[in-house]
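Working notes, structure below.
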Protein chains: 4
Amino acid sequence: MKSNTNVLPRPLRGIIPPLVTPLLDRDTLDAAGLERLIEHILAGGVHGLFVLGTTGELPSLSYRLRYELIERVCGQVKGRVPVLVGITDTSFVESVKIARKAQDAGAQAVVLAPPYYFPAGQAELLEYLKHLTPELPLPVFLYNMPSYTKLVYEPETIRTAADFPGIVGIKDSSGNMIYFRRLQSLLKDHPDFSLLIGREELLAEAVLFGGHGCVCGGANLIPELYVDLYNAACSKDLPKVESLHKKVMELSNAIYNVGRYESSFLKGLKCALSCMGICNDFMAEPFHRFRRAEHKVIQRYVKELGITPER
Amino acid sequence: MKSNTNVLPRPLRGIIPPLVTPLLDRDTLDAAGLERLIEHILAGGVHGLFVLGTTGELPSLSYRLRYELIERVCGQVKGRVPVLVGITDTSFVESVKIARKAQDAGAQAVVLAPPYYFPAGQAELLEYLKHLTPELPLPVFLYNMPSYTKLVYEPETIRTAADFPGIVGIKDSSGNMIYFRRLQSLLKDHPDFSLLIGREELLAEAVLFGGHGCVCGGANLIPELYVDLYNAACSKDLPKVESLHKKVMELSNAIYNVGRYESSFLKGLKCALSCMGICNDFMAEPFHRFRRAEHKVIQRYVKELGITPER
Amino acid sequence: MKSNTNVLPRPLRGIIPPLVTPLLDRDTLDAAGLERLIEHILAGGVHGLFVLGTTGELPSLSYRLRYELIERVCGQVKGRVPVLVGITDTSFVESVKIARKAQDAGAQAVVLAPPYYFPAGQAELLEYLKHLTPELPLPVFLYNMPSYTKLVYEPETIRTAADFPGIVGIKDSSGNMIYFRRLQSLLKDHPDFSLLIGREELLAEAVLFGGHGCVCGGANLIPELYVDLYNAACSKDLPKVESLHKKVMELSNAIYNVGRYESSFLKGLKCALSCMGICNDFMAEPFHRFRRAEHKVIQRYVKELGITPER
Amino acid sequence: MKSNTNVLPRPLRGIIPPLVTPLLDRDTLDAAGLERLIEHILAGGVHGLFVLGTTGELPSLSYRLRYELIERVCGQVKGRVPVLVGITDTSFVESVKIARKAQDAGAQAVVLAPPYYFPAGQAELLEYLKHLTPELPLPVFLYNMPSYTKLVYEPETIRTAADFPGIVGIKDSSGNMIYFRRLQSLLKDHPDFSLLIGREELLAEAVLFGGHGCVCGGANLIPELYVDLYNAACSKDLPKVESLHKKVMELSNAIYNVGRYESSFLKGLKCALSCMGICNDFMAEPFHRFRRAEHKVIQRYVKELGITPER
C-alpha cells in the first residue's frame, strides 16, 4: 500500500526543503549520504520534502537516476511528510512519465516549471498547462524560476491556471517580491491555493504577510532554523522573527557567496553538507564541486556558523 | 552492417537540412510523412541530413520517439548522405545515450549545443566538452544557438575546443555574422574544421567568404534551391548567387513571418510541408499547429512561391 | 539665504515621494498643477521630496525644464522637507551642472543612477563614482534601477562606495528583496547610510526589517497612506501594517496595471492625478497620456479607491 | 554662406566613418588632434563623416562640447563631404536643439537612435518619429543599435517610417545580418532609402548584396582600406573583396579585442589613434583610456598592421 493515501494539506504550509541530490559520480547516487540527509532534514521538523528541483540538480541527472531517487526518497520518508517531485521537462511526455513514477513511489504532489527551451508565450503556456494537468496523477505546484527557465508564468497566467483542476499552488523563486505580492492579491479568493516563496532570504516577510511557506535550500543544512523562523512568523513574534532572519542572512551571505559564480548557491550548499559529514559534494556537469581554496572557506563558515552534524 | 563505415567528409561541406519531425500526435511519428520528407529532401541533392535540431523540435520529443526517429531516418537514408544527430541535453548521461543510439543506427556525427538550464560559464563549458567528447562514439559538431539556449560558446571557447579530439565543426545559428567571421579568423589554421551557418538568409555570404555550408530549414521545402545557391557561391557566380539569394529571402519573408510569434519559423515550415502534401503539421507542446487563418496565408504563399510537391 | 542650511537627517528616514512632473506640453511645466501637487503631498506629512526621478520623467525632459522645475520645487517647499534632485545622466559634466543648480536652488541632496548607455563594468562604475562625487556639492544617494538603466550597482560596489565621502544612501527600485537584504547585511556597520526601498509594494516589509524608508510613487496620490504605513511599520504595529499594506496593494493593482504597458505605472499615476483635478496628464515622448478608454478605467478606480481631492 | 546647400546624395552611398572625438579631458576637445584626424580621414577618399555616434562617445559628452564639435567639424570639412550629426537623446527637445545646431553649422543630415531609457514599444517609437521628424531641419538617418539602446527599431517599424517625410536611410549596427537582409526585402521599392551597415566586418557582404555603404570605425585609422573594399564590392571584384576583407578582419581581431571589455572596440580605436600620433586617447567617463599593458599591445598591433601616420 502506498503512502500517498496521505492527504496533502490544502493549502500546503510550512518549510519544504528542496533536497540536495547526493552523488558519488554523475550517474550514481550517494545512497548512504541520501539516507543521512533525509533523516537530518526530517529531524528538523520540516513540513514536506521537494525532490528534483533546481537545488537537486534536476536537469543534469539521467532519467534512470531520477527514478531511483524518487523511489529511495519516498521509500525512506514513508509518509512522514508529503514528498513533492519535480517533473519540469522540455518534453510533455517525459513530464507525464516522471509524474507517474512519483505516484507509484508514493509521492504526494508534483512541481512544474515552464518547458524551458522554446520561447513560448503566455497563451501557449496556459494551453500547455491545460493539456498537461489532466494527464498528471498528482496535485501540481507551479514553479516560477525565470532566471533559469527564461520564461515567466505571469501573475495573470497563474490566476487563470489556479482554476484548472489539480493545480494547487505555486513556488516562486524569482526573488521579486512585487510578483509575489501581486499573486497574493490576485488569488485572495483562493484560500486553498498554496503560495510558497522559493528564497529563504524572503521567508520571514513572505510568511508574515500571508505567504504559506518556503522552499529553502538552507534547510538541507539547518532545517530547524527555518522551521523556527516559520513558526515565529506565523505567530507574529516579531523580535524572534528578526533574530532568526538575521541568522538566515548570515548563512546565506556566507555559504552562498563563495567564488561569486552564478552557481555559488548550489556549490556552497553541497560543499557545506560534505563538510558536515552528511554527504558527498560531487556535482553533475556542467558544474563541478568546489576546489580546495573554496572548500576551505566553506569549512571555516561551517565552523563559525556552528552547523556541525553533532549540534 | 552499419552505414557509418561511410567516411564523414572533413570538412563537411554543403547543404545539410535540419529535418522537420513529422508527427501524428505528441508521441507518434508520422512515419509515412517522414519517408516522403526524406525522399523529397534527398532528391534535391543535399549533402547531409541533421535530425533532432531545433527545427526538429528536439527538446519537445520523448526519448523513445527520438530513438525511433534516429532508427527510421538512418534506415531510410542508408548511407546516401551523412546523418548528423542532435544530442543536446541538460543531462550529460542522456547525451551519451543518444550518441550511442546514433552510432548503432548508423549515423555519421552528432551535434551538441550547450546544456541549457544552468548558467554555466565558459570555463565550465570547456570542461563539460572535455569530459563529454571522449564518451561520444561519433564526431561532434558544436551548435551555437544563443537565442534558445541562453548560453553562447564564445569564439575563444570554440577555438580551444577545436583541438579536442572528435570535435570537427560548428553550426552557428546566432544570425550574428561578426561572430561567424571571427570564428573564421580564429580557425584559419584548422582547414578541416567545418564552419556551417545555421541561417539560410546568410548562406550566400557565408559560403562566398569561406564558410563550408549551411543548415537551412527551408531545404525541407525546396532543397534544390539551397543546393543551387551553395554551388553558385562555391563557383563565385555572383549574378546567379544574387538571383537565388533573392528567392531564399522571398521564401523566408513569406513562410517564416506569419503571425509574428518567436516560433513563426517552426510553425510556418511545418504548415507549408502540410500544404505541400508531404507530412502532418502537428506540433509538440509547447507549440501548436497554425490555426485556420494562418494556415490559409501559408497555403497562399506555397502557391505563389510555386513550392508544390509536383514541381 | 538658501534653505539647504537645513541639515539632511542621517540616515534619511521616512516617505520621500518621487514627484510627478506636471506638464502642459513637452517643454512647458504645468506650474499651477505643480504647486497644487506639492502642497497636496506635503499636507500628507511626508519626510522629503525627490524630483527628477524615473517617475518624474527625468530623461525625457529638456535641461532648461529640469532647471526650472528644480527652482520652482525648492522655491515652494522652502525647506519644509529635504528636496532630493535626480542628476542621473550619461554625461558626467551634465550631472555636475544639475547638481550645482540643485545646490543653488536650495536642495539638500542629489540622486544618481549609473550612466545608462555604455556597458560599464563594476570597476568602471566605482571609478566613475570616485571621480564624480568630489565634484558634487551635495550629499549623494545612489539609485539602483536595473530595469531601465540596464546596469546594476552590485551590492559589493555599494559597500565600497559607502565609504566615499558624500555618498549617504541608496534607493533600490529593483524589486529584488534579496538584493535589498544583502545590502542591509553588507552595510550593518554603516548605521548612517540610508537604505530606501523604491517600490511601495515592499514598503511594509522593508521598513519592518530595518529599511529606513520608501520612495513611493503612490504618495503623489495619497501621501498619508504611505506615511501611516511607514509609522505603523516603525512601531511594529503588525495589524495596522497589514491593513494599510492591503490598501497599498489595492491601489497598485488598480492604478498601475491598466493597459499592461511596461509604462503603465507612469501613465496610470499621471492619469489619476488628472482625474483628481491636481494636474495635467500630458506625458513627454516617448510616452503619451492614456487615451479615452484607459482614462475611464482610471477614473473609475480613483472613485472606488476614494482618492478624490476633497477627501 | 552655409555648406549645407550641398545636395545630400539619395541614397547616400559609400564609406562614412563615425568620427572618434579627440579629448584632452572630459570637457575639452583636442582641437589639433581633431583637425589632424579629419584631414587624415578625408585624405582616404571617404564619402561622408558621421559625428556624435557611439564611436564618438556621444552620450558621455556635455552639450556644450557637442556643439563645439559640430562647429569645428563642419567648419573644417567645408562641404568636401556630407557631415551627418548624431542627435540621439532621451529628450525630444534636446534632439531638436542639436539638429538645429547641426543645420546652422552646415551639416547635411542627422542620425537618430531610439530614446534609450524608457521601455517604449514599437507603436510609441513610430509616434515619436512622427512627432519628431517634422521638427528636424535636416534629413534623418535612423540608427539601429540594440546592444546599447536596448530598443530595436523593428523591420516593420523602419518600413513604415521610411514613408515619413525627411527619413532617408538607416544605419544598422546590430551585427544581425538577417535583420539587414529583411530590411532590404521590405524596402526594395524605396531605391532612395539608404541602407548602411554599421559594422565594418560586414561591409563586404552588405555592399556585395545591395547595401549602400558602411559606417566603419576602422576608417578613423585606415580610411582607404574601407574605401577600396567598398569600391571592390561595388564592382563585384570578388578576389579583391576577399583580400581586403581579410585585412579588415585582421585589424578588427587585433585592435578591437584587447582586454575583452564590452568597450574594447572604443578603447582600442582611440588608443591606436594615439599610437599613430593623430590624437589624444583620453576617454570620457564611464570609460578610461587603456593603461600601460594594453597600450603596449595596441602599439605592437599598430606596427604589425603598418598603420603608421607616415604610410
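Here, A, B, ... name the chains of the C-alpha cells in the order displayed, residue numbers run from 1 inside each chain, and ligands are numbered from 1 in the same displayed order.
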Per-residue nearest contacts chain C to chain A, cut-off 12 Å, using only C-alpha atoms, as a Markdown table:
| residue | atom | partner | partner_atom | distance |
| --- | --- | --- | --- | --- |
| C:Glu154 | CA | A:Arg260 | CA | 11.7 |
| C:Pro155 | CA | A:Asn253 | CA | 11.4 |
| C:Glu156 | CA | A:Arg260 | CA | 11.0 |
| C:Ser173 | CA | A:Ile178 | CA | 10.9 |
| C:Ser174 | CA | A:Asn176 | CA | 8.3 |
| C:Gly175 | CA | A:Asn176 | CA | 5.5 |
| C:Asn176 | CA | A:Asn176 | CA | 4.7 |
| C:Met177 | CA | A:Met177 | CA | 6.3 |
| C:Ile178 | CA | A:Gly175 | CA | 6.2 |
| C:Tyr179 | CA | A:Gly175 | CA | 8.7 |
| C:Phe180 | CA | A:Glu201 | CA | 10.1 |
| C:Arg181 | CA | A:Glu201 | CA | 7.4 |
| C:Arg182 | CA | A:Asn253 | CA | 7.3 |
| C:Leu183 | CA | A:Asn253 | CA | 10.4 |
| C:Gln184 | CA | A:Met249 | CA | 9.6 |
| C:Ser185 | CA | A:Met249 | CA | 7.3 |
| C:Leu186 | CA | A:Asn253 | CA | 8.9 |
| C:Lys188 | CA | A:Lys246 | CA | 11.1 |
| C:Gly198 | CA | A:Ile178 | CA | 11.5 |
| C:Arg199 | CA | A:Ile178 | CA | 8.2 |
| C:Glu200 | CA | A:Ile178 | CA | 9.2 |
| C:Glu201 | CA | A:Ile178 | CA | 6.2 |
| C:Leu202 | CA | A:Ile178 | CA | 7.0 |
| C:Leu203 | CA | A:Ile178 | CA | 10.7 |
| C:Ala204 | CA | A:Glu205 | CA | 9.1 |
| C:Glu205 | CA | A:Glu205 | CA | 5.9 |
| C:Ala206 | CA | A:Glu205 | CA | 8.8 |
| C:Val207 | CA | A:Glu205 | CA | 10.8 |
| C:Leu208 | CA | A:Glu205 | CA | 8.8 |
| C:Phe209 | CA | A:Glu242 | CA | 7.0 |
| C:Gly210 | CA | A:Glu242 | CA | 9.3 |
| C:Ala233 | CA | A:Leu238 | CA | 11.2 |
| C:Ser235 | CA | A:Leu238 | CA | 11.2 |
| C:Lys236 | CA | A:Leu238 | CA | 7.8 |
| C:Asp237 | CA | A:Leu238 | CA | 9.8 |
| C:Leu238 | CA | A:Lys236 | CA | 7.8 |
| C:Pro239 | CA | A:Lys236 | CA | 9.6 |
| C:Lys240 | CA | A:Phe209 | CA | 11.8 |
| C:Val241 | CA | A:Phe209 | CA | 9.3 |
| C:Glu242 | CA | A:Phe209 | CA | 7.0 |
| C:Ser243 | CA | A:Phe209 | CA | 10.3 |
| C:Leu244 | CA | A:Phe209 | CA | 11.7 |
| C:His245 | CA | A:Phe209 | CA | 9.0 |
| C:Lys246 | CA | A:Ser185 | CA | 8.5 |
| C:Lys247 | CA | A:Ser185 | CA | 10.7 |
| C:Val248 | CA | A:Arg181 | CA | 10.7 |
| C:Met249 | CA | A:Ser185 | CA | 7.3 |
| C:Glu250 | CA | A:Ser185 | CA | 7.9 |
| C:Leu251 | CA | A:Ser185 | CA | 11.1 |
| C:Ser252 | CA | A:Arg182 | CA | 9.0 |
| C:Asn253 | CA | A:Arg182 | CA | 7.3 |
| C:Ala254 | CA | A:Ser185 | CA | 10.8 |
| C:Tyr256 | CA | A:Arg182 | CA | 11.6 |
| C:Asn257 | CA | A:Arg182 | CA | 10.8 |
| C:Arg260 | CA | A:Glu156 | CA | 11.0 |
Check: Hey, what does DSSP flag as alpha helix (DSSP H) within segment 13-101 of chain A? Can you give it to me as a ChimeraX atom specification?
Finding: /A:31-42,63-77,92-101
Next item on the list: Would you please extract all strand (DSSP E) residues from segment 22-269 of chain B, as assigned by DSSP on the backbone, and give them as a VMD selection string?
Entry: chain B and resid 23 to 25 28 to 29 49 to 51 83 to 86 109 to 112 140 to 144 167 to 172 194 to 197 213 to 214
Item checked: Among listed residues C:Leu52, C:Ala120, C:Leu142, C:Val258, nearest Ile98 of chain C (using only C-alpha atoms) ->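 Using only C-alpha atoms, Ile98 of chain C sits closest to C:Leu52.
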Item checked: Distance of atom CA of Val77 of chain A from atom CA of Ile15 of chain A, expressed in Å to one decimal place ->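 The value is 15.5 Å.
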Next item on the list: Could you check which of A:Glu94, A:Lys130, A:His47, A:Leu61 is closest to Thr28 of chain A, using only C-alpha atoms?
Entry: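 Looking only at the distances to Thr28 of chain A, the closest residue turns out to be A:Leu61.
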Item checked: Interatomic distance, atom CA of Glu285 of chain A to atom CA of Ile41 of chain A (Å, one decimal) ->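 About the pair atom CA of Glu285 of chain A and atom CA of Ile41 of chain A: they are 25.6 Å apart.
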Next item on the list: List the neighbours of segment 68-76 of chain A out to 12 Å using only C-alpha atoms; skip same-chain residues closer than 3 positions along the sequence, and give me the result as number ranges by chain.
Entry: A: 1-4, 19-23, 27-39, 42, 48-52, 56-58, 61-65, 79-87, 98-110
Next item on the list: Please provide the set of residues having any atom within 12 Å of Tyr153 of chain A, restricted to only C-alpha atoms, with same-chain residues fewer than 5 positions apart removed, written as a ChimeraX atom specification.
Entry: /A:112-116,120-126,128-129,142-146,158-162,170-174,179-180,183
Using N, CA, C and O atoms, can you export the residues from the last selection as a compact mmCIF listing (two decimals), in the first residue's frame?
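Final file, again-v4.txt:
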# COMPACT_ATOMS: atom_id res chain seq x y z
N LEU A 112 6.18 21.87 -11.24
CA LEU A 112 6.32 22.05 -12.69
C LEU A 112 6.68 23.49 -13.07
O LEU A 112 5.85 24.39 -12.97
N ALA A 113 7.89 23.69 -13.55
CA ALA A 113 8.27 24.97 -14.15
C ALA A 113 7.92 24.93 -15.63
O ALA A 113 7.62 23.86 -16.17
N PRO A 114 7.92 26.08 -16.32
CA PRO A 114 7.62 26.06 -17.76
C PRO A 114 8.67 25.26 -18.52
O PRO A 114 9.83 25.18 -18.11
N PRO A 115 8.29 24.65 -19.65
CA PRO A 115 9.27 23.99 -20.51
C PRO A 115 10.24 25.06 -21.00
O PRO A 115 9.80 26.12 -21.46
N TYR A 116 11.53 24.81 -20.92
CA TYR A 116 12.48 25.92 -20.88
C TYR A 116 13.42 26.03 -22.07
O TYR A 116 14.49 26.60 -21.94
N ALA A 120 8.00 30.03 -25.56
CA ALA A 120 6.54 30.00 -25.57
C ALA A 120 5.97 31.29 -25.00
O ALA A 120 6.54 31.88 -24.08
N GLY A 121 4.84 31.72 -25.53
CA GLY A 121 4.13 32.87 -24.99
C GLY A 121 3.19 32.43 -23.87
O GLY A 121 3.02 31.24 -23.61
N GLN A 122 2.57 33.41 -23.20
CA GLN A 122 1.70 33.08 -22.06
C GLN A 122 0.50 32.25 -22.51
O GLN A 122 0.08 31.33 -21.80
N ALA A 123 -0.05 32.55 -23.70
CA ALA A 123 -1.19 31.77 -24.18
C ALA A 123 -0.76 30.33 -24.41
O ALA A 123 -1.50 29.38 -24.09
N GLU A 124 0.42 30.14 -24.94
CA GLU A 124 0.93 28.78 -25.16
C GLU A 124 1.21 28.08 -23.84
O GLU A 124 0.95 26.88 -23.71
N LEU A 125 1.70 28.81 -22.85
CA LEU A 125 1.94 28.19 -21.54
C LEU A 125 0.62 27.74 -20.92
O LEU A 125 0.54 26.67 -20.31
N LEU A 126 -0.41 28.56 -21.06
CA LEU A 126 -1.70 28.19 -20.50
C LEU A 126 -2.25 26.94 -21.19
O LEU A 126 -2.78 26.03 -20.54
N TYR A 128 -0.50 24.69 -22.68
CA TYR A 128 0.37 23.59 -22.21
C TYR A 128 -0.14 23.05 -20.87
O TYR A 128 -0.29 21.83 -20.70
N LEU A 129 -0.45 23.94 -19.94
CA LEU A 129 -0.95 23.51 -18.64
C LEU A 129 -2.32 22.84 -18.78
O LEU A 129 -2.62 21.86 -18.10
N LEU A 142 2.91 24.87 -9.44
CA LEU A 142 3.66 25.56 -10.48
C LEU A 142 4.95 26.10 -9.85
O LEU A 142 5.05 26.21 -8.63
N TYR A 143 5.90 26.43 -10.70
CA TYR A 143 7.24 26.76 -10.20
C TYR A 143 7.74 27.92 -11.07
O TYR A 143 7.98 27.75 -12.27
N ASN A 144 7.86 29.09 -10.47
CA ASN A 144 8.34 30.25 -11.20
C ASN A 144 9.83 30.44 -10.93
O ASN A 144 10.22 30.71 -9.78
N MET A 145 10.65 30.32 -11.95
CA MET A 145 12.10 30.34 -11.80
C MET A 145 12.72 31.01 -13.01
O MET A 145 13.49 30.40 -13.77
N PRO A 146 12.37 32.29 -13.24
CA PRO A 146 12.72 32.90 -14.54
C PRO A 146 14.21 32.99 -14.81
O PRO A 146 14.61 32.97 -15.96
N ILE A 158 -0.97 32.59 -13.79
CA ILE A 158 -1.16 31.81 -12.55
C ILE A 158 -2.61 31.92 -12.11
O ILE A 158 -3.24 30.92 -11.74
N ARG A 159 -3.14 33.11 -12.16
CA ARG A 159 -4.51 33.34 -11.73
C ARG A 159 -5.50 32.46 -12.52
O ARG A 159 -6.39 31.84 -11.95
N THR A 160 -5.29 32.39 -13.83
CA THR A 160 -6.15 31.56 -14.66
C THR A 160 -5.93 30.08 -14.36
O THR A 160 -6.88 29.31 -14.20
N ALA A 161 -4.66 29.69 -14.27
CA ALA A 161 -4.34 28.27 -14.06
C ALA A 161 -4.82 27.79 -12.69
O ALA A 161 -5.05 26.59 -12.50
N ALA A 162 -4.96 28.71 -11.74
CA ALA A 162 -5.38 28.31 -10.39
C ALA A 162 -6.77 27.69 -10.41
O ALA A 162 -7.16 27.00 -9.46
N ILE A 170 1.82 27.45 -5.93
CA ILE A 170 2.99 27.92 -6.68
C ILE A 170 4.17 28.09 -5.74
O ILE A 170 4.02 28.49 -4.59
N LYS A 171 5.33 27.78 -6.30
CA LYS A 171 6.59 28.08 -5.64
C LYS A 171 7.25 29.17 -6.46
O LYS A 171 7.55 28.97 -7.64
N ASP A 172 7.46 30.32 -5.86
CA ASP A 172 8.05 31.44 -6.59
C ASP A 172 9.49 31.66 -6.15
O ASP A 172 9.75 32.09 -5.03
N SER A 173 10.41 31.41 -7.06
CA SER A 173 11.83 31.58 -6.76
C SER A 173 12.43 32.79 -7.46
O SER A 173 13.65 32.88 -7.61
N SER A 174 11.58 33.72 -7.89
CA SER A 174 12.10 34.84 -8.67
C SER A 174 12.88 35.84 -7.82
O SER A 174 13.70 36.58 -8.33
N TYR A 179 6.15 40.58 -7.54
CA TYR A 179 5.48 39.46 -8.19
C TYR A 179 4.71 38.65 -7.15
O TYR A 179 3.54 38.34 -7.34
N PHE A 180 5.36 38.33 -6.04
CA PHE A 180 4.71 37.50 -5.00
C PHE A 180 3.51 38.24 -4.39
O PHE A 180 2.44 37.66 -4.20
N LEU A 183 0.64 38.15 -6.80
CA LEU A 183 -0.02 36.84 -6.76
C LEU A 183 -1.00 36.76 -5.59
O LEU A 183 -2.13 36.30 -5.73
